[in-house]
Amino acid sequence: MARTDFGPPDYREMLPPIVAENYGKWLYHEIPQPGVIKHVSETGAVLYSVRMASPRLVNSDWVREICDIAEKYCGGYLRFTTRHNVEFLVSDPSQLQPLLDELKARGHMIGGAGHAISNVVHTQGWVHCKSAVTDASGLVKSVMDELHPYFSGKIKIPARLRIAVACCVNMCGACHCSDIAIVGIHRTVPRINDELVAKTCEIPTTVASCPTGAIRPNPKLKSIEINAEKCMMCGNCTVVCPALKIMDPENDGVSIWVGGKVSNARTAPMFSRLAVPFIKNNPPRWPEVTDTVKHLVEVWAKDAKYGERMGEWIERIGWERFFKLTGLPFTEKHIDSFTHATQTFRSTTQFRF
Amino acid sequence: MARTDFGPPDYREMLPPIVAENYGKWLYHEIPQPGVIKHVSETGAVLYSVRMASPRLVNSDWVREICDIAEKYCGGYLRFTTRHNVEFLVSDPSQLQPLLDELKARGHMIGGAGHAISNVVHTQGWVHCKSAVTDASGLVKSVMDELHPYFSGKIKIPARLRIAVACCVNMCGACHCSDIAIVGIHRTVPRINDELVAKTCEIPTTVASCPTGAIRPNPKLKSIEINAEKCMMCGNCTVVCPALKIMDPENDGVSIWVGGKVSNARTAPMFSRLAVPFIKNNPPRWPEVTDTVKHLVEVWAKDAKYGERMGEWIERIGWERFFKLTGLPFTEKHIDSFTHATQTFRSTTQFRF
Amino acid sequence: MDEKKTTPLLDELEAGEWPSFVTQLKQAAKKSKMAAGLVQQLEASYEEKIGHWKHGGIVGVKGYGGGVVGRYSDDPERFPDCREFHTLRVNQVAGFFYSTKKLRELADVWDKYGTGLYNLHGSTGDIILLGTDTQNVQPCFDALSEIGFDLGGSGGALRTPSCCVGMARCEKACIDSMDINHNLTLHYQNEMHRPAWPYKFKIKISACPNDCAASTARSDLAIVGLWRDTIEIDQDAVREYVANGFKLEENVLRRCPTWALDWDAENKELKVKAEDCTHCMHCINAMPKAIRIGKERGAAIMIGGKAPVVKGANIGWVLVPFMKMEAPYTELKEIIDRVTDYWAEHGKNRERVGELIDRVGYATFLKAIGLEPVPQMVTAPRANPYIFWSAEEVEKRG
Amino acid sequence: MDEKKTTPLLDELEAGEWPSFVTQLKQAAKKSKMAAGLVQQLEASYEEKIGHWKHGGIVGVKGYGGGVVGRYSDDPERFPDCREFHTLRVNQVAGFFYSTKKLRELADVWDKYGTGLYNLHGSTGDIILLGTDTQNVQPCFDALSEIGFDLGGSGGALRTPSCCVGMARCEKACIDSMDINHNLTLHYQNEMHRPAWPYKFKIKISACPNDCAASTARSDLAIVGLWRDTIEIDQDAVREYVANGFKLEENVLRRCPTWALDWDAENKELKVKAEDCTHCMHCINAMPKAIRIGKERGAAIMIGGKAPVVKGANIGWVLVPFMKMEAPYTELKEIIDRVTDYWAEHGKNRERVGELIDRVGYATFLKAIGLEPVPQMVTAPRANPYIFWSAEEVEKRG
Ligand code: SRM
Ligand code: SRM
Ligand code: SRM
Ligand code: SRM
Ligand code: SF4
Ligand code: SF4
Ligand code: SF4
Ligand code: SF4
Ligand code: SF4
Ligand code: SF4
Ligand code: SF4
Ligand code: SF4
C-alpha cells in the first residue's frame, strides 16, 4: 500500500539560500520599477523579486519554461504569489536586468506590484465546473487584455485594485471582498423534471435546501413545486437534487460588484457591493463587461486620493455620488432583500443629492 | 351627541405675540447663562426662553402655578419642550432677572440648555402601567437628585447628555437612542397557569406571539409549554395571554444602556448599547443604579472632547477602552444574540488591547 | 388599613433637589380620593417591588374607538380607591404652546372629572390626563370638547403627531413643523379616533436634521426638514469667530463628517464643497452667527422608526430624500395615505410598518406605493448575490 | 465530427497581451487527447453559452476519502475524449516556494498520468492537476507520493491551509506564517484526507493585518499576525521622508483611523499614542523605512469567514485577539480542535462553522469551546434588550 498522510514537501528545502539566510530578518522594501520589489535585510542582503503574470491555467511546458528561467537567473528556485503570479527571486543584482530582458523577449508580462492591478483571482468556469454560469478564464483574459497597462505600470493608479471573477454565486475565490468582482448569476427559477425528481431526489432534503422556503412537496407527482415569487435563483436546490435544472443560456449572465477589500490596512475589510445587476453572457470577449470594468477603473482612478482603495473612495464620496459619477443606474435590485437587509437602509438624513 | 374630530386648539392662538411676529424670522441664538436661551430675529426682536425642570407627572396646582408665573412675566403664554421641560418666553428683557429670581425663590430648577443634561424622557412605571418592571418616576427622581448639577449648569460637560428611563423593554420613549438609558427587564421565564390558559387564551395566537419560537402547545392540558432555553424573557406572550405571568420581584430589575443619540448632527443617529445587563430593583432610591449612571457621566465628561456625545466618544475610543475606563465587566450578555447579531461581531484585526 | 396610610418609602422621594413627583401625587391626594388611592398602591409597589395594575378592559367615549387607556387595580379589595384609574390621551397643541387661559380651563375640567394628575406631556406628545373612573370618562370628554380639546389615539390607529418648535423659535427651521403638525392632526382625525390599522402609527416632525422631536427614532413616519442647495456662510461673522479664538480647525473642520469645509487662511475665507455637504448641521450648530441653512428647503421622509418590540428597534429609513413642504401638504398626505393603505392591507396584527417592510422587502414596498428607488435610501447596495428577477424581466424560455 | 475541430471562438482568446489560457490548452492538446477533448467541449460551451459538465461521481485513492474531484462530461457521445476529467488537489508547499527540481518532477508525473494541465494554484491554494480519468487516479497518486506530493482535501474535511510569504520575504511578518502552515498541514493530515465533518473547513495564515493571504475573508479559521505593544518609529528616517517632501499630514496622519499619530513640528518628532493604535498597518505601509511593527508579537484568530452560500458571506470574526505563536503551536491546535470538535458535533450538513455560530449564538459557542468573552470580539455590544438568562443565574422562585 502507498504511503499516506505525509504532507507536502518541506518548505525549508524549497527556499533559495538568500531567503533561508535572511528569514525573519527583512528590514524594508522598495518598488524600484513596476513589478520589481527590492527587499533589504538587516544582514545587508538585498533581494529583488520579479513578478510575472500567469494565466494560472497552465501546462507542463509552461512549468518547464519558468523552471528554465529560474535555473538561469535564480539558482533554481521560484515561487508563486497568493494571486497566482510567478515570482523570480534574484539575489545577484547583476542578474536583474538580464532576467527582465529575457522575460520580455519571451513575451511575458511583468508587473502587479504596489499601486497596480494584479492578477485576477478566478475560478474554473466552463473549463471544469459543473456549476459554471459563465467562463472565468475567458472573462479574465478579456478583461486583462483591456487592463494590462494597469498591471505593467504603464498607467498609474492611486492604489491597489483587486479584481476577481467567479462563475457562480459560490464565489470560489475572492469575489465577496474585491475592489471589482464579476460574478455569474442566474435569473430564472429552476425547472423541475418531475419524473426524475420522483426517481432520484430526496424530497425533504430538497425542500430543506431552499434558504427562502420557496420549495414545497408536490405529493401528487411525488415531486416538488417552487414558488417563483420566493425563489432568488441561488441554485442551492440544484446541488441537492440534480433533477432540477437552473442553467439557462438565454438568461444567465454576469453581475458586477465593487468596493470590497480584504486587508485591514486603514479600514476594516469590506464586502463587494452590487454595481451592475446583469450583463448578458457574450463570449468569447464579453465586450459589455470589459467596457464596464474599464470604466469603473477609470472613474475611480480619476477621483480617488492617493492610496485610496475603491471601497474607501466610495465610502468617502458616498454611493449616491458613485452612481452619479459612473453613470450606472440605481435600481431596486441594488436594495438588499436578504437576511440583514434593514442594516443597509439609511437611517439618517446625512446623504448627498 | 358631543362634537367629534375637531382636533386640538389652533397653535396660532397659543403663541405669544413676539413669536407670532417673528415666526420663521429667527437669525441666531446664544445661551447667555445656564437654562436661558436668547434668540435674535431679523426684525431685531430678542426673545429670552427660560427653561425650567418639570417632574412631568404633575397636578393641577402645579399647572396653575406656572400659569401664574407666565401671566406675571410672559404675557400669559408658555410652552413645554419635547423633553417635558417648561419654557417661559420673555420678550421684555427687563423681566428676565425678576423671573429668574421668582423661579428660584419658588424652588424651581433652571437649566437643561446647551451642553447639559436635560430632563429625563421616561414612562409610567408602577404609577400607571401594567407592564412596569420598575418605577420610572422613582428612578428619574433618584438619578436626577444626583445629577442636577449637570442640569443647572453647576458642573459643565463636553456636550448634551440625554437620559431616558423605561419600565419595560417596550421602551415607551427614547431608550433605544439615548446617551444613557435605564430599562426594566425580566430574567425569568413566564409562569404558566395551565387552567387559566385553557380557559382564557387562544393557543395558536399565543404560540405565534413568541419571536423565538419557544412556545408550543401542550394538548394534554389544553395549555402551552415554554422551552426555557429559547425564551429571552421579552414578555410578548404575556401581552397576548394574561394567564402567563412574567413579573418576578426577586429577579426583575434594570439594565443600563449607553451611547445612543437621535440627532443627525455630525454623526448618524445611534442605538443605545448594553453597558450593565442587570441591577436589582432597589426602591425607593436605587442607589446602585444612580451610582453607575453618575460614574458613566463622570468618566465620559472627563475623557470626551468638546462637543462629543457619549456614543461619539465611545466610537472614537472603542468599546474595548470604554469597558476599561469605566471598569464595567464585559460579559457574554453584551454579545448580541438576536436577529442581526453577526453584524456586530468584529471582522477586522483593528482593535485595542 | 389605617397604618397603610403612611408612605415611608415614597416619602424618601420628596427629599432632594429635583422636583418630586411624589409631592405632586400627595398634593393631588389631598383633593382626590382616587389620587390618594394611587399613592397607597404605589407605596405597596415600592415595598413589594411589583406593579399592581392588571390588563386593561376597554373604556371609551361615544363615537371614538380609542383615546382612553383603561386601567384597573389587580387588587381592588386592597386598593379600592384606585380600582379604576383610566387615562385620557388628549391632543396637545402643536409645538406645546399654550395660553395660560387654555391651561387653566383644562385644569378646571380635569379637577372636576378626574384626579387632577397629568403627564405634561406623554412620550408620544399627548396631554395625558391620569386617573379617572369609567363613569367619568364620557362627561370628562364632553367638558374637554367644550373647551376645544380633543382626544388622541390608541390601539391600531394613528397617534397624535408631534413636532419641534421650528419656525416659532428656531433659526434652523427648514419647514414649518408646527403647521404641518397641526394640519396633519386635523386631517387625520378619523384615522386617529377609529382604530382600523394593524397596530399603532406615529408621525413626528422636526424642522431640521438636529431632530429635536426625536422623529426618526420614535415615529413610523418622520418628516425632517433640510435643504438641497448650499449652506450660507457669512464670512465676516466667521472671521469674528476666528478672531475671538474660536477653534475652527479642531471644532469645525475636523468634525465635518465629509471634510466639506476648508479654511483659506490667506484670504480668511471659509469654503464649502457644496457637493460634499451632507447637511449634518454641525458647522451651523457650532457657529450659529456665521453659518445658516440653505435656501432651497424641504424635508426628507423617513419610514419605519420604532422601539424594540418585537423584531428589534429601527431608526427610520429614508423613504423620500427631498420633498417641498407647502400647505396644504398634498404630496405629503398622498405618501402617508399610500403607506398606510398598503400597511393596512398587508400588515399582520401588531406589525409596525417598519417590520412589514423588513418582511416584504424595501423594493416590493416601494413598488407598491409607487416610489422610484434612489441611492439615498441605502447606505450601501446589497453585498449578497441573491437578487430577485421576475418572469417579465427575462427572455421567455422555449 | 471533423469540422468541430476548429475553435473559432476560443481562438479569439489567443490574441491580446495578457497570457492566454487558450494557448496553454491548445499546447496541452497537442500532447494529450484528453486535453484536446476539453478544448472541443469548451468551444461548444462558448457557442452555446452553457457548461457541459455534470454532477460528479465519487472518485478517489486508496486510504483517502477526498482530494480528488470527479468530473464527467454531460455529453460523452459528443465529447468522448473528455468524458472523464477528474482533478487532483495536491498540497502546495507552504508559501508557494519551489525548487525547479521539484516542479520538474511534478510535471513529469502529470504528463504521464494526466493532461499536463494545472491550476497554479487553486483558489484555496492547492496545486490543481486538471484532467485525468478514473483509471489513472491511483497510479498518479502513487507516483506523486514517490516525489513527495500528497493530496489536499475535499468534501466535509479540512482543506490544505495556505499562507502569505511572511518571514521568508517580508519585513512586516509578526509570526512565521509558513512554518505554521507547514506544521498544521502535517498535523492535520487525517482531518484533511478523511472527511468526517459537516462541510469544508479552511485555515489561512497571514503574518500581519495586511492579510496578503486573504485569510479573514476566505477561511473559516484565520490566523493573522499582529503585535500588542507599540509601533517602532525611527525618527531620523521620518525626518528623511519629510525632508524629501513626503506628505506626512495628508497621507499618514489624517489616514490613521484613530488619529493616533501626531507630528511635533518643532522637535521634528512623530509621536504615537500607543493606546490608540489599532495596528492598522497604514503608517508602516506608507513609510516602511521609518516605522516598524512592535516587538511583542503574536496573532489574532478570526473565525467564520466564508463565501455567500447559503446564509450570506462572512468576514471572519475575532475569536482570540492575541495569542503567542511558538512552535509546536500547541495552544493554537487546542483552539482548532475545540472549534472543529464542537462544529463536528453540532453543525448541520453543509453548515460552515460561521453559520453554526450564527445559529447557536456567539456566547453559546464561546462557552462550549471554553473561551471568555472580551470586547475585542464585537464592534459594539448588543442594542436589543433580548438577553438570555439561565435558571442558575437568578434567585430561585418559591
Ligand atoms: C506576494 C504577496 C504575498 C504572497 O505570499 O504571495 C504580497 C506581498 C506584499 N504585500 Fe500584499 N501581497 C500579496 C497579496 C496581497 C493580498 C491578497 C490578495 O490580493 O488577494 C492583499 C489583500 C488585498 C485586499 O485588501 O483586497 C494584500 C494587501 C497588502 C497591503 C494592504 C493594501 C491596502 O492598502 O489595502 C499591503 C501594504 C502596502 O502595500 O502598502 C501589502 C504589502 C505587501 C508587501 C509590500 C509586503 C512587504 O513588505 O514585502 C509585499 C510586496 C507587494 C506588492 O505587491 O507591492 N499587501 N496583499 C501577494 C502578492 C499577490 C500578487 O501576486 O499580487
Ligand atoms: C477549484 C476551486 C476554484 C478554482 O478555480 O481555484 C473551487 C472549485 C469548486 N468549488 Fe469552491 N473552489 C475553490 C476555492 C474556493 C474558495 C476560495 C478559497 O478557498 O480561498 C471559496 C470561497 C471561500 C469559502 O470557502 O467560503 C470557495 C467556495 C465554494 C463554495 C461556497 C461555500 C460557502 O460556504 O459559501 C462552494 C459550494 C459548495 O461547497 O457546495 C464551492 C464548491 C466548489 C465545487 C466543488 C463545486 C462543485 O460541487 O462542483 C467546485 C469544483 C470545481 C471543479 O470542477 O474543480 N466552493 N471555493 C478552488 C479550490 C482549489 C484549491 O483546492 O485550491
Ligand atoms: C426646545 C427644544 C425643541 C422643542 O420643540 O421643544 C430644542 C431646542 C433647541 N435645540 Fe434641540 N431642542 C429640543 C430637543 C432636542 C432633542 C430631542 C431630545 O432630546 O429628546 C434632540 C436630539 C437629542 C439626541 O440626539 O439624542 C436635540 C438635538 C439638538 C441638537 C443636536 C445635538 C447634538 O450635538 O447631537 C442641536 C444643535 C446644538 O445644540 O448644537 C439642538 C439645538 C437646539 C437649539 C439650539 C435650536 C435653536 O437654534 O433654537 C434650541 C435650543 C436648545 C438647547 O437646549 O440648547 N438640538 N434637541 C427641545 C428641548 C428639550 C429639552 O427640554 O431639553
Ligand atoms: C403613556 C406612554 C408612556 C408615558 O409615560 O408617556 C406609553 C404607555 C404605554 N405604551 Fe408606549 N407609551 C407612550 C409612548 C411610547 C413611545 C414614545 C413615542 O411615541 O415617542 C414608544 C416608542 C416609540 C414607538 O412607538 O415604537 C412606545 C412604545 C410602546 C410599545 C413598543 C412598540 C414597538 O413596536 O416596539 C408598546 C407595546 C405595545 O404596543 O404592545 C407600548 C405600549 C404601551 C402601553 C399601551 C402598554 C399597555 O398595553 O399597557 C402603555 C400604557 C401605559 C399606561 O398605563 O398608560 N408602547 N410608547 C406614552 C404615550 C403617551 C402619549 O400618548 O403621549
Ligand atoms: S464559482 Fe461556482 S461555478 Fe465557479 S468554480 Fe466555484 S462552484 Fe464552480
Ligand atoms: S434556486 Fe434557491 S431560492 Fe430558488 S428554489 Fe432553489 S434553493 Fe430555493
Ligand atoms: S415602558 Fe413598558 S411598562 Fe413602561 S409605560 Fe411603556 S409599556 Fe408600560
Ligand atoms: S417571554 Fe418572549 S421569548 Fe419567552 S416565551 Fe414569552 S414570547 Fe417567547
Ligand atoms: S429640530 Fe432643528 S428646527 Fe427644530 S427646534 Fe431643533 S434645531 Fe430648531
Ligand atoms: S453641514 Fe455638516 S456636512 Fe455640511 S459643511 Fe457643515 S459640517 Fe460639513
Ligand atoms: S500579510 Fe503582512 S507579513 Fe504577510 S506578506 Fe503581507 S505584508 Fe508581509
Ligand atoms: S498602525 Fe495604523 S492605527 Fe497604528 S499608528 Fe499607524 S496608522 Fe495609526
# chains A, B, ... in the order shown; residues from 1 in each chain; ligands from 1
call {"tool": "interface_residues", "arguments": {"of": "chain A", "to": "chain C", "cutoff": "9 Å", "atoms": "only C-alpha atoms", "output": "PyMOL selection string"}}
result
chain A and resi 169+176+183+185+187-189+228-234+248+250-251+255+257+271-275+277+315-321+323+330-338+341-353
call {"tool": "residues_around", "arguments": {"residues": "Gly114 in chain C", "least_positions_apart": "4", "cutoff": "9 Å", "atoms": "only C-alpha atoms", "output": "ChimeraX atom specification"}}
result
/C:32,34-35,109-110,129-133,136-137,140
call {"tool": "write_last_selection", "arguments": {"atoms": "C-alpha atoms", "output": "PDB file, in the first residue's frame"}}
result
ATOM      1  CA  SER C  32     -58.816  63.469  45.162  1.00  0.00           C
ATOM      2  CA  MET C  34     -58.624  58.375  43.682  1.00  0.00           C
ATOM      3  CA  ALA C  35     -55.211  60.030  43.738  1.00  0.00           C
ATOM      4  CA  VAL C 109     -62.187  70.325  33.822  1.00  0.00           C
ATOM      5  CA  TRP C 110     -59.720  67.732  34.996  1.00  0.00           C
ATOM      6  CA  LEU C 129     -54.925  63.020  31.974  1.00  0.00           C
ATOM      7  CA  LEU C 130     -54.032  60.447  34.555  1.00  0.00           C
ATOM      8  CA  GLY C 131     -56.750  58.729  36.534  1.00  0.00           C
ATOM      9  CA  THR C 132     -60.479  58.752  36.255  1.00  0.00           C
ATOM     10  CA  ASP C 133     -63.170  56.100  36.543  1.00  0.00           C
ATOM     11  CA  ASN C 136     -66.496  59.993  34.390  1.00  0.00           C
ATOM     12  CA  VAL C 137     -64.844  59.300  31.049  1.00  0.00           C
ATOM     13  CA  CYS C 140     -64.912  64.472  31.023  1.00  0.00           C
TER      14      CYS C 140
END
call {"tool": "residues_around", "arguments": {"residues": "Ile192 in chain B", "least_positions_apart": "3", "cutoff": "10 Å", "atoms": "only C-alpha atoms", "output": "list in words"}}
result
Val189, Glu195, Leu196, Val197, Ser223, Ile224, Glu225, Ile226, Thr238, Cys241, Pro242, Ala243, Leu244, Lys245 and Ile246 of chain B
call {"tool": "closest_atom_pairs", "arguments": {"of": "chain C", "to": "ligand 8", "cutoff": "12 Å", "atoms": "only C-alpha atoms and all ligand atoms", "output": "CSV"}}
result
residue,atom,partner,partner_atom_place_in_ligand_line,distance
C:Val309,CA,ligand 8,2 (Fe),10.1
C:Val310,CA,ligand 8,2 (Fe),8.8
C:Lys311,CA,ligand 8,2 (Fe),11.2
call {"tool": "atom_distance", "arguments": {"atom1": "CA of Asp61 in chain A", "atom2": "CA of Gln24 in chain D"}}
result
8.6 Å
call {"tool": "residues_near_ligand", "arguments": {"ligand": "ligand 2", "cutoff": "6 Å", "atoms": "only C-alpha atoms and all ligand atoms", "output": "number ranges by chain"}}
result
A: 122-124, 128-130, 170-173; D: 69, 89, 122-126, 218, 306-309
call {"tool": "write_last_selection", "arguments": {"atoms": "N, CA and C atoms", "output": "short mmCIF file (atom, residue, chain, number, x, y, z; two decimals), in the first residue's frame"}}
result
data_model
loop_
_atom_site.label_atom_id
_atom_site.label_comp_id
_atom_site.auth_asym_id
_atom_site.auth_seq_id
_atom_site.Cartn_x
_atom_site.Cartn_y
_atom_site.Cartn_z
N HIS A 122 -9.54 33.88 -9.82
CA HIS A 122 -10.73 33.39 -10.51
C HIS A 122 -10.91 31.90 -10.34
N THR A 123 -11.84 31.38 -11.08
CA THR A 123 -12.37 30.06 -10.78
C THR A 123 -12.37 29.20 -12.03
N GLN A 124 -13.07 28.08 -12.01
CA GLN A 124 -12.95 27.11 -13.09
C GLN A 124 -13.72 27.46 -14.35
N HIS A 128 -14.03 23.59 -16.18
CA HIS A 128 -14.08 22.41 -15.32
C HIS A 128 -15.22 22.32 -14.32
N CYS A 129 -16.02 23.35 -14.15
CA CYS A 129 -17.02 23.23 -13.08
C CYS A 129 -18.43 23.01 -13.60
N LYS A 130 -19.12 22.13 -12.92
CA LYS A 130 -20.50 21.81 -13.29
C LYS A 130 -21.46 22.96 -13.00
N ASN A 170 -21.36 30.76 -5.79
CA ASN A 170 -20.50 30.13 -4.77
C ASN A 170 -19.25 30.98 -4.52
N MET A 171 -18.87 31.73 -5.55
CA MET A 171 -17.76 32.68 -5.43
C MET A 171 -16.48 32.04 -4.91
N CYS A 172 -16.07 30.92 -5.52
CA CYS A 172 -14.81 30.31 -5.17
C CYS A 172 -13.71 31.34 -5.42
N GLY A 173 -13.18 31.90 -4.37
CA GLY A 173 -12.16 32.90 -4.58
C GLY A 173 -12.45 34.12 -3.73
N VAL D 69 -11.50 15.52 -7.28
CA VAL D 69 -12.83 15.98 -7.66
C VAL D 69 -13.21 15.27 -8.95
N ARG D 89 -6.35 17.44 -6.17
CA ARG D 89 -5.91 18.57 -5.37
C ARG D 89 -4.67 18.14 -4.59
N GLY D 122 -4.83 26.57 -7.21
CA GLY D 122 -6.25 26.73 -7.00
C GLY D 122 -6.51 27.85 -6.01
N SER D 123 -7.72 28.30 -6.00
CA SER D 123 -8.06 29.42 -5.12
C SER D 123 -7.85 29.11 -3.65
N THR D 124 -7.97 27.87 -3.28
CA THR D 124 -7.73 27.55 -1.88
C THR D 124 -6.24 27.47 -1.60
N GLY D 125 -5.48 27.18 -2.66
CA GLY D 125 -4.04 27.14 -2.50
C GLY D 125 -3.41 25.87 -3.01
N ASP D 126 -4.24 24.85 -3.26
CA ASP D 126 -3.66 23.59 -3.75
C ASP D 126 -3.04 23.75 -5.13
N ARG D 218 -11.48 34.57 3.49
CA ARG D 218 -11.58 33.33 2.73
C ARG D 218 -11.30 32.07 3.52
N LYS D 306 -16.21 33.15 5.10
CA LYS D 306 -16.72 32.28 4.04
C LYS D 306 -17.41 33.07 2.94
N ALA D 307 -17.65 32.37 1.84
CA ALA D 307 -18.38 32.91 0.69
C ALA D 307 -19.90 32.88 0.97
N PRO D 308 -20.72 33.36 0.02
CA PRO D 308 -22.15 33.58 0.33
C PRO D 308 -23.03 32.36 0.55
N VAL D 309 -22.64 31.19 0.07
CA VAL D 309 -23.58 30.07 0.14
C VAL D 309 -23.77 29.61 1.59
#
call {"tool": "closest_residue", "arguments": {"among": "C:Pro80, C:Ala286, C:Gln92, C:Val320", "to": "Ala159 in chain B", "atoms": "only C-alpha atoms"}}
result
C:Ala286
call {"tool": "select_by_dssp", "arguments": {"residues": "range 153-258 of chain B", "states": "helix (DSSP H, G or I)", "output": "ChimeraX atom specification"}}
result
/B:175-177,194-200,203-209,219-221,236-240
call {"tool": "residues_near_ligand", "arguments": {"ligand": "ligand 3", "cutoff": "6 Å", "atoms": "only C-alpha atoms and all ligand atoms", "output": "ChimeraX atom specification"}}
result
/B:29,81-85,112-114,118-119,162,178,261-263,265 /C:95,164-165,170-172,210-214,285-286
call {"tool": "residues_around", "arguments": {"residues": "range 11-23 of chain C", "least_positions_apart": "5", "cutoff": "7 Å", "atoms": "only C-alpha atoms", "output": "JSON, numbers by chain"}}
result
{"B": [54, 55, 57, 58, 137, 141, 144, 145, 148, 284]}
call {"tool": "atom_distance", "arguments": {"atom1": "CA of Asp101 in chain A", "atom2": "CA of Ala70 in chain A"}}
result
13.7 Å
call {"tool": "residues_around", "arguments": {"residues": "range 104-108 of chain C", "least_positions_apart": "4", "cutoff": "12 Å", "atoms": "only C-alpha atoms", "output": "PyMOL selection string"}}
result
(chain B and resi 9+58-68+70-71+76-77) or (chain C and resi 90+92+98-100+112-118+120+127-129+140-141+143-150)
call {"tool": "closest_residue", "arguments": {"among": "D:Thr160, D:Asn181, D:Asn244, D:Thr340", "to": "ligand 1", "atoms": "only C-alpha atoms and all ligand atoms"}}
result
D:Asn181
